[in-house]
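Q: Would you mind keeping the following structure in view while I ask a few things?
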Amino acid sequence: MNSLVSKLLIIIARKKLETSETEPASLKKVVPMVRTLQVELSHAIKEYIFIAIGVVSAGFGLKGFLLPNRFIDGGATGISLLLENLTGLSLGYLLLLVNLPFIILGARTFNLKFALKSIAAITFLAFVVHNVDYPTITDDKLLISVFGGFFLGFGIGMSMRGGAVIDGTEVLALFLGRKLSMTVGDILLLINIIIFSFGAYILSIETALYAILTYMSAAKTVDFVVDGVEEYVGVTIISEKHEAIRIMVTEELRRACTIYTGKGGYHLEGGAREKDIIYTIVTRLELAKMETEIDKIDKNAFIIMGVVKDIKGGMIKKKPLK
């Protein structure tokens with residue numbers, strides 16, 4: 001890290017330690033604090049870069065595709081677009097007004113940091129929509145729906161990766177999901193059905209139908225951005241031939257794995273024998289090959305699979321032999 005930044009972090013670390021302790025801060029205490037501050041700073045920079053990219057992309061989706069053609073989307077953005085069509089007010093101001101209650105709810109439900117970042121992201125989006133002149137890309141309705149949704153979804157997803165939202169209805173859905181016996185997805189679907197119904201009444205049924213397509217495009221793009229294009233699957237394998245399977249995973253598939261010891265809860269003889277359990281992570285594309293190789297070794301192997309949302313640290317795949 002830049003020496004000037006490092007010096008600044010050392011000063012901040014010393015001041016933090018001195019305010020919490022009566023004695024002067026020792027080097028032994030300053031160094032861990034500086035490392036912590038470095039991590040926080042690097043993460044903050046990365047998060048705000050994600051948010052900035054997200055805002056620019058969402059602005060492009062709105063002004064390059066949806067706004068010039070009087071199209072709408074779901075969520076708070078869709079509400080803002082509907083109000084813009086009804087009132088003629090600037091979309092930038094409406095985005096702020098519509099999202100503000102959701103952000104206040106987010107501050108109470110989650111934390112203040114999340115709310116402040118979201119306010120910053122939405123304010124930046126409002127500024128971009130109000131002041132930046134994006135070119136109108138096309139007047140083809142299908143392309144508007146698909147690519148308008150794509151760029152908007154990419155923007156929402158990148159902002160989420162940065163720890164903020166530019167569409168507040170997700171906060172409402174998370175809040176209601178805790179109170180009601182409904183999933184977040186179901187709540188979002190209901191909210192958007194209401195928005196699209198108003199869209200059909202205020203604008204036209206055709207516009208509402210295209211709005212559904214826009215929403216689907218945006219939602220799928222958000223999933224790709226947040227969860228990753230290369231979806232990982234966590235695989236737990238329980239087998240009597242665990243050693244042969246371990247060798248197959250590490251040598252043939254060249255995947256790292258974790259071995260832990262477990263006991264069977266049910267046994268005909270009444271005793272539970274210890275056995276090694278293998279856990280590894282593969283991509284969807286590698287799953288079929290893994291199942292084939294396991295079947296070759298042990299057709300009776302017990303396999304548990306679950307989607308892994310994100311991965312950080314560790315060694316997922318062994319480096320190829322040189």
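Chain labels follow the order of the structure tokens: the first chain is A, the next B, and so on; residue numbering restarts at 1 in every chain, and ligands are counted from 1 in their shown order.
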Give me the residues of range 161-207 of chain A that have any atom at most 12 Å from an atom of range 74-87 of chain A; for each, the nearest atom pair and the distance in Å, rounded to one decimal. Use only C-alpha atoms, sort by chain and number, and format it as JSON lines.
A:
```
{"residue": "A:Val165", "atom": "CA", "partner": "A:Ala76", "partner_atom": "CA", "distance": 10.7}
{"residue": "A:Ile166", "atom": "CA", "partner": "A:Thr77", "partner_atom": "CA", "distance": 8.4}
{"residue": "A:Asp167", "atom": "CA", "partner": "A:Ala76", "partner_atom": "CA", "distance": 5.4}
{"residue": "A:Gly168", "atom": "CA", "partner": "A:Ala76", "partner_atom": "CA", "distance": 5.9}
{"residue": "A:Thr169", "atom": "CA", "partner": "A:Gly75", "partner_atom": "CA", "distance": 5.5}
{"residue": "A:Glu170", "atom": "CA", "partner": "A:Gly75", "partner_atom": "CA", "distance": 7.8}
{"residue": "A:Val171", "atom": "CA", "partner": "A:Ala76", "partner_atom": "CA", "distance": 10.5}
{"residue": "A:Leu172", "atom": "CA", "partner": "A:Gly75", "partner_atom": "CA", "distance": 10.2}
{"residue": "A:Ala173", "atom": "CA", "partner": "A:Gly75", "partner_atom": "CA", "distance": 10.3}
{"residue": "A:Ile187", "atom": "CA", "partner": "A:Gly75", "partner_atom": "CA", "distance": 11.1}
{"residue": "A:Leu188", "atom": "CA", "partner": "A:Gly75", "partner_atom": "CA", "distance": 7.8}
{"residue": "A:Leu189", "atom": "CA", "partner": "A:Gly74", "partner_atom": "CA", "distance": 9.1}
{"residue": "A:Leu190", "atom": "CA", "partner": "A:Gly75", "partner_atom": "CA", "distance": 10.4}
{"residue": "A:Ile191", "atom": "CA", "partner": "A:Gly75", "partner_atom": "CA", "distance": 7.2}
{"residue": "A:Asn192", "atom": "CA", "partner": "A:Gly74", "partner_atom": "CA", "distance": 5.2}
{"residue": "A:Ile193", "atom": "CA", "partner": "A:Gly74", "partner_atom": "CA", "distance": 8.4}
{"residue": "A:Ile194", "atom": "CA", "partner": "A:Gly74", "partner_atom": "CA", "distance": 9.3}
{"residue": "A:Ile195", "atom": "CA", "partner": "A:Gly74", "partner_atom": "CA", "distance": 6.5}
{"residue": "A:Phe196", "atom": "CA", "partner": "A:Gly74", "partner_atom": "CA", "distance": 7.2}
{"residue": "A:Ser197", "atom": "CA", "partner": "A:Gly74", "partner_atom": "CA", "distance": 10.8}
{"residue": "A:Phe198", "atom": "CA", "partner": "A:Leu82", "partner_atom": "CA", "distance": 8.3}
{"residue": "A:Gly199", "atom": "CA", "partner": "A:Leu82", "partner_atom": "CA", "distance": 6.8}
{"residue": "A:Ala200", "atom": "CA", "partner": "A:Leu82", "partner_atom": "CA", "distance": 10.4}
{"residue": "A:Tyr201", "atom": "CA", "partner": "A:Leu82", "partner_atom": "CA", "distance": 10.7}
{"residue": "A:Ile202", "atom": "CA", "partner": "A:Leu86", "partner_atom": "CA", "distance": 8.0}
{"residue": "A:Leu203", "atom": "CA", "partner": "A:Asn85", "partner_atom": "CA", "distance": 8.4}
{"residue": "A:Ser204", "atom": "CA", "partner": "A:Leu82", "partner_atom": "CA", "distance": 11.6}
{"residue": "A:Thr207", "atom": "CA", "partner": "A:Leu82", "partner_atom": "CA", "distance": 11.2}
```
Q: Using N, CA and C atoms, can you write the selected residues to a file as a PDB file, in the first residue's frame?
A:
```pdb
ATOM      1  N   VAL A 165     -27.991  -1.068  -1.909  1.00  0.00           N
ATOM      2  CA  VAL A 165     -29.082  -1.331  -2.847  1.00  0.00           C
ATOM      3  C   VAL A 165     -29.435  -0.039  -3.572  1.00  0.00           C
ATOM      4  N   ILE A 166     -29.828  -0.180  -4.829  1.00  0.00           N
ATOM      5  CA  ILE A 166     -30.353   0.979  -5.559  1.00  0.00           C
ATOM      6  C   ILE A 166     -31.828   0.756  -5.874  1.00  0.00           C
ATOM      7  N   ASP A 167     -32.364  -0.336  -5.337  1.00  0.00           N
ATOM      8  CA  ASP A 167     -33.798  -0.607  -5.439  1.00  0.00           C
ATOM      9  C   ASP A 167     -34.271  -1.081  -4.071  1.00  0.00           C
ATOM     10  N   GLY A 168     -35.009  -0.213  -3.382  1.00  0.00           N
ATOM     11  CA  GLY A 168     -35.329  -0.452  -1.976  1.00  0.00           C
ATOM     12  C   GLY A 168     -36.362  -1.515  -1.688  1.00  0.00           C
ATOM     13  N   THR A 169     -37.077  -2.001  -2.710  1.00  0.00           N
ATOM     14  CA  THR A 169     -38.126  -2.987  -2.428  1.00  0.00           C
ATOM     15  C   THR A 169     -37.552  -4.295  -1.884  1.00  0.00           C
ATOM     16  N   GLU A 170     -36.291  -4.567  -2.174  1.00  0.00           N
ATOM     17  CA  GLU A 170     -35.673  -5.779  -1.629  1.00  0.00           C
ATOM     18  C   GLU A 170     -35.543  -5.680  -0.111  1.00  0.00           C
ATOM     19  N   VAL A 171     -35.305  -4.481   0.383  1.00  0.00           N
ATOM     20  CA  VAL A 171     -35.247  -4.265   1.833  1.00  0.00           C
ATOM     21  C   VAL A 171     -36.614  -4.546   2.448  1.00  0.00           C
ATOM     22  N   LEU A 172     -37.659  -4.039   1.799  1.00  0.00           N
ATOM     23  CA  LEU A 172     -39.025  -4.284   2.272  1.00  0.00           C
ATOM     24  C   LEU A 172     -39.340  -5.775   2.269  1.00  0.00           C
ATOM     25  N   ALA A 173     -38.918  -6.461   1.208  1.00  0.00           N
ATOM     26  CA  ALA A 173     -39.175  -7.903   1.107  1.00  0.00           C
ATOM     27  C   ALA A 173     -38.462  -8.672   2.216  1.00  0.00           C
ATOM     28  N   ILE A 187     -42.597 -12.434  -1.845  1.00  0.00           N
ATOM     29  CA  ILE A 187     -42.988 -11.054  -1.522  1.00  0.00           C
ATOM     30  C   ILE A 187     -42.637 -10.118  -2.675  1.00  0.00           C
ATOM     31  N   LEU A 188     -41.431 -10.283  -3.220  1.00  0.00           N
ATOM     32  CA  LEU A 188     -41.027  -9.457  -4.368  1.00  0.00           C
ATOM     33  C   LEU A 188     -41.952  -9.683  -5.558  1.00  0.00           C
ATOM     34  N   LEU A 189     -42.348 -10.928  -5.755  1.00  0.00           N
ATOM     35  CA  LEU A 189     -43.258 -11.244  -6.858  1.00  0.00           C
ATOM     36  C   LEU A 189     -44.594 -10.528  -6.676  1.00  0.00           C
ATOM     37  N   LEU A 190     -45.119 -10.547  -5.455  1.00  0.00           N
ATOM     38  CA  LEU A 190     -46.394  -9.869  -5.180  1.00  0.00           C
ATOM     39  C   LEU A 190     -46.280  -8.359  -5.389  1.00  0.00           C
ATOM     40  N   ILE A 191     -45.179  -7.781  -4.907  1.00  0.00           N
ATOM     41  CA  ILE A 191     -44.959  -6.339  -5.084  1.00  0.00           C
ATOM     42  C   ILE A 191     -44.941  -5.985  -6.568  1.00  0.00           C
ATOM     43  N   ASN A 192     -44.236  -6.805  -7.334  1.00  0.00           N
ATOM     44  CA  ASN A 192     -44.103  -6.508  -8.765  1.00  0.00           C
ATOM     45  C   ASN A 192     -45.392  -6.767  -9.538  1.00  0.00           C
ATOM     46  N   ILE A 193     -46.181  -7.728  -9.092  1.00  0.00           N
ATOM     47  CA  ILE A 193     -47.491  -7.949  -9.724  1.00  0.00           C
ATOM     48  C   ILE A 193     -48.361  -6.703  -9.569  1.00  0.00           C
ATOM     49  N   ILE A 194     -48.306  -6.100  -8.378  1.00  0.00           N
ATOM     50  CA  ILE A 194     -49.070  -4.864  -8.130  1.00  0.00           C
ATOM     51  C   ILE A 194     -48.567  -3.740  -9.041  1.00  0.00           C
ATOM     52  N   ILE A 195     -47.242  -3.614  -9.142  1.00  0.00           N
ATOM     53  CA  ILE A 195     -46.652  -2.556  -9.986  1.00  0.00           C
ATOM     54  C   ILE A 195     -47.041  -2.757 -11.450  1.00  0.00           C
ATOM     55  N   PHE A 196     -46.941  -4.001 -11.921  1.00  0.00           N
ATOM     56  CA  PHE A 196     -47.268  -4.277 -13.326  1.00  0.00           C
ATOM     57  C   PHE A 196     -48.766  -4.090 -13.598  1.00  0.00           C
ATOM     58  N   SER A 197     -49.580  -4.371 -12.605  1.00  0.00           N
ATOM     59  CA  SER A 197     -51.029  -4.159 -12.764  1.00  0.00           C
ATOM     60  C   SER A 197     -51.334  -2.672 -12.927  1.00  0.00           C
ATOM     61  N   PHE A 198     -50.690  -1.853 -12.099  1.00  0.00           N
ATOM     62  CA  PHE A 198     -50.845  -0.402 -12.251  1.00  0.00           C
ATOM     63  C   PHE A 198     -50.305   0.063 -13.604  1.00  0.00           C
ATOM     64  N   GLY A 199     -49.195  -0.564 -14.016  1.00  0.00           N
ATOM     65  CA  GLY A 199     -48.619  -0.224 -15.317  1.00  0.00           C
ATOM     66  C   GLY A 199     -49.579  -0.520 -16.454  1.00  0.00           C
ATOM     67  N   ALA A 200     -50.264  -1.652 -16.353  1.00  0.00           N
ATOM     68  CA  ALA A 200     -51.244  -2.020 -17.385  1.00  0.00           C
ATOM     69  C   ALA A 200     -52.404  -1.034 -17.408  1.00  0.00           C
ATOM     70  N   TYR A 201     -52.804  -0.569 -16.217  1.00  0.00           N
ATOM     71  CA  TYR A 201     -53.943   0.360 -16.126  1.00  0.00           C
ATOM     72  C   TYR A 201     -53.554   1.769 -16.585  1.00  0.00           C
ATOM     73  N   ILE A 202     -52.384   2.231 -16.140  1.00  0.00           N
ATOM     74  CA  ILE A 202     -51.971   3.614 -16.419  1.00  0.00           C
ATOM     75  C   ILE A 202     -51.435   3.761 -17.844  1.00  0.00           C
ATOM     76  N   LEU A 203     -50.604   2.815 -18.255  1.00  0.00           N
ATOM     77  CA  LEU A 203     -49.973   2.914 -19.575  1.00  0.00           C
ATOM     78  C   LEU A 203     -50.737   2.055 -20.583  1.00  0.00           C
ATOM     79  N   SER A 204     -50.400   0.777 -20.621  1.00  0.00           N
ATOM     80  CA  SER A 204     -51.122  -0.154 -21.495  1.00  0.00           C
ATOM     81  C   SER A 204     -50.749  -1.575 -21.096  1.00  0.00           C
ATOM     82  N   THR A 207     -47.387  -2.542 -22.584  1.00  0.00           N
ATOM     83  CA  THR A 207     -46.247  -2.012 -21.825  1.00  0.00           C
ATOM     84  C   THR A 207     -46.000  -2.837 -20.567  1.00  0.00           C
TER      85      THR A 207
END
```
Q: Determine the nearest neighbour of Ile294 in chain A from the options A:Lys220, A:Arg178, A:Arg246, A:Lys263, counting only C-alpha atoms.
A: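 Smallest distance to Ile294 in chain A is found for A:Arg246.
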Q: Using only C-alpha atoms, which of A:Val235, A:Thr261, A:Lys141, A:Gly155 sits nearest Arg273 in chain A?
A: A:Thr261
Q: Skipping near chain neighbours, those fewer than 4 positions away, what residues fall within 12 Å of Ala44 in chain A using only C-alpha atoms, listed as a list of chain:residue names?
A: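 Contacts, in chain order: A:Leu37, A:Gln38, A:Val39, A:Glu40, A:Tyr48, A:Ile49, A:Phe50, A:Ile51, A:Lys113, A:Lys117, A:Arg161, A:Gly162, A:Gly163, A:Ala164.
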Q: Those residues you just picked out, can you put them in a file as a PDB file, in the first residue's frame with C-alpha atoms?
A:
```pdb
ATOM      1  CA  LEU A  37      -7.521  -0.645   8.908  1.00  0.00           C
ATOM      2  CA  GLN A  38      -5.754  -1.665   5.685  1.00  0.00           C
ATOM      3  CA  VAL A  39      -8.228  -4.510   5.165  1.00  0.00           C
ATOM      4  CA  GLU A  40     -11.184  -2.228   5.890  1.00  0.00           C
ATOM      5  CA  TYR A  48     -17.494   1.661  -3.771  1.00  0.00           C
ATOM      6  CA  ILE A  49     -15.992   0.757  -7.147  1.00  0.00           C
ATOM      7  CA  PHE A  50     -18.667  -1.942  -7.471  1.00  0.00           C
ATOM      8  CA  ILE A  51     -21.361   0.566  -6.519  1.00  0.00           C
ATOM      9  CA  LYS A 113     -23.640   1.577   7.381  1.00  0.00           C
ATOM     10  CA  LYS A 117     -24.071   3.320   1.466  1.00  0.00           C
ATOM     11  CA  ARG A 161     -21.926  -6.786  -4.253  1.00  0.00           C
ATOM     12  CA  GLY A 162     -20.783  -3.430  -2.958  1.00  0.00           C
ATOM     13  CA  GLY A 163     -23.064  -3.778   0.059  1.00  0.00           C
ATOM     14  CA  ALA A 164     -25.772  -1.338  -1.018  1.00  0.00           C
TER      15      ALA A 164
END
```
Q: Using DSSP on the backbone, list every residue of range 34-66 of chain A that comes out as alpha helix (DSSP H), and give them as a list in words.
A: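 Checking each residue of range 34-66 of chain A, the alpha helix (DSSP H) ones are Val34, Arg35, Thr36, Leu37, Gln38, Val39, Glu40, Leu41, Ser42, His43, Ala44, Ile45, Lys46, Glu47, Tyr48, Ile49, Phe50, Ile51, Ala52, Ile53, Gly54, Val55, Val56, Ser57, Ala58, Gly59, Phe60 and Gly61 of chain A.
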Q: Go ahead and save the residues from that selection, with C-alpha atoms, as a compact mmCIF listing (two decimals), in the first residue's frame.
A:
```txt
# COMPACT_ATOMS: atom_id res chain seq x y z
CA VAL A 34 -3.00 -0.92 11.04
CA ARG A 35 -3.52 -4.27 9.34
CA THR A 36 -7.20 -4.17 10.28
CA LEU A 37 -7.52 -0.65 8.91
CA GLN A 38 -5.75 -1.67 5.69
CA VAL A 39 -8.23 -4.51 5.17
CA GLU A 40 -11.18 -2.23 5.89
CA LEU A 41 -9.87 0.42 3.50
CA SER A 42 -9.17 -2.00 0.65
CA HIS A 43 -12.61 -3.57 1.05
CA ALA A 44 -14.29 -0.16 1.17
CA ILE A 45 -12.52 0.93 -2.03
CA LYS A 46 -13.56 -2.28 -3.79
CA GLU A 47 -17.16 -1.94 -2.60
CA TYR A 48 -17.49 1.66 -3.77
CA ILE A 49 -15.99 0.76 -7.15
CA PHE A 50 -18.67 -1.94 -7.47
CA ILE A 51 -21.36 0.57 -6.52
CA ALA A 52 -20.06 3.14 -9.02
CA ILE A 53 -20.03 0.58 -11.83
CA GLY A 54 -23.51 -0.51 -10.80
CA VAL A 55 -24.89 3.01 -10.84
CA VAL A 56 -23.42 3.79 -14.26
CA SER A 57 -24.83 0.54 -15.67
CA ALA A 58 -28.28 1.11 -14.14
CA GLY A 59 -28.29 4.66 -15.48
CA PHE A 60 -27.48 3.35 -18.94
CA GLY A 61 -30.30 0.80 -18.72
```
Q: Please report, as a list in words, each residue of range 14-235 of chain A to which DSSP assigns strand (DSSP E or B) when run on this structure's backbone.
A: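 Filtering range 14-235 of chain A down to strand (DSSP E or B) leaves Tyr232, Val233, Gly234 and Val235 of chain A.
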Q: CA of Met158 in chain A and CA of Ile72 in chain A are how many Å apart?
A: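 CA of Met158 in chain A sits 20.5 Å away from CA of Ile72 in chain A.
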Q: Can you work out which one of A:Cys257, A:Met305, A:Leu95, A:Val132 has the shortest atom-to-atom distance to Ile119 in chain A, counting only C-alpha atoms?
A: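 Once distances to Ile119 in chain A are computed over only C-alpha atoms, the minimum belongs to A:Leu95.
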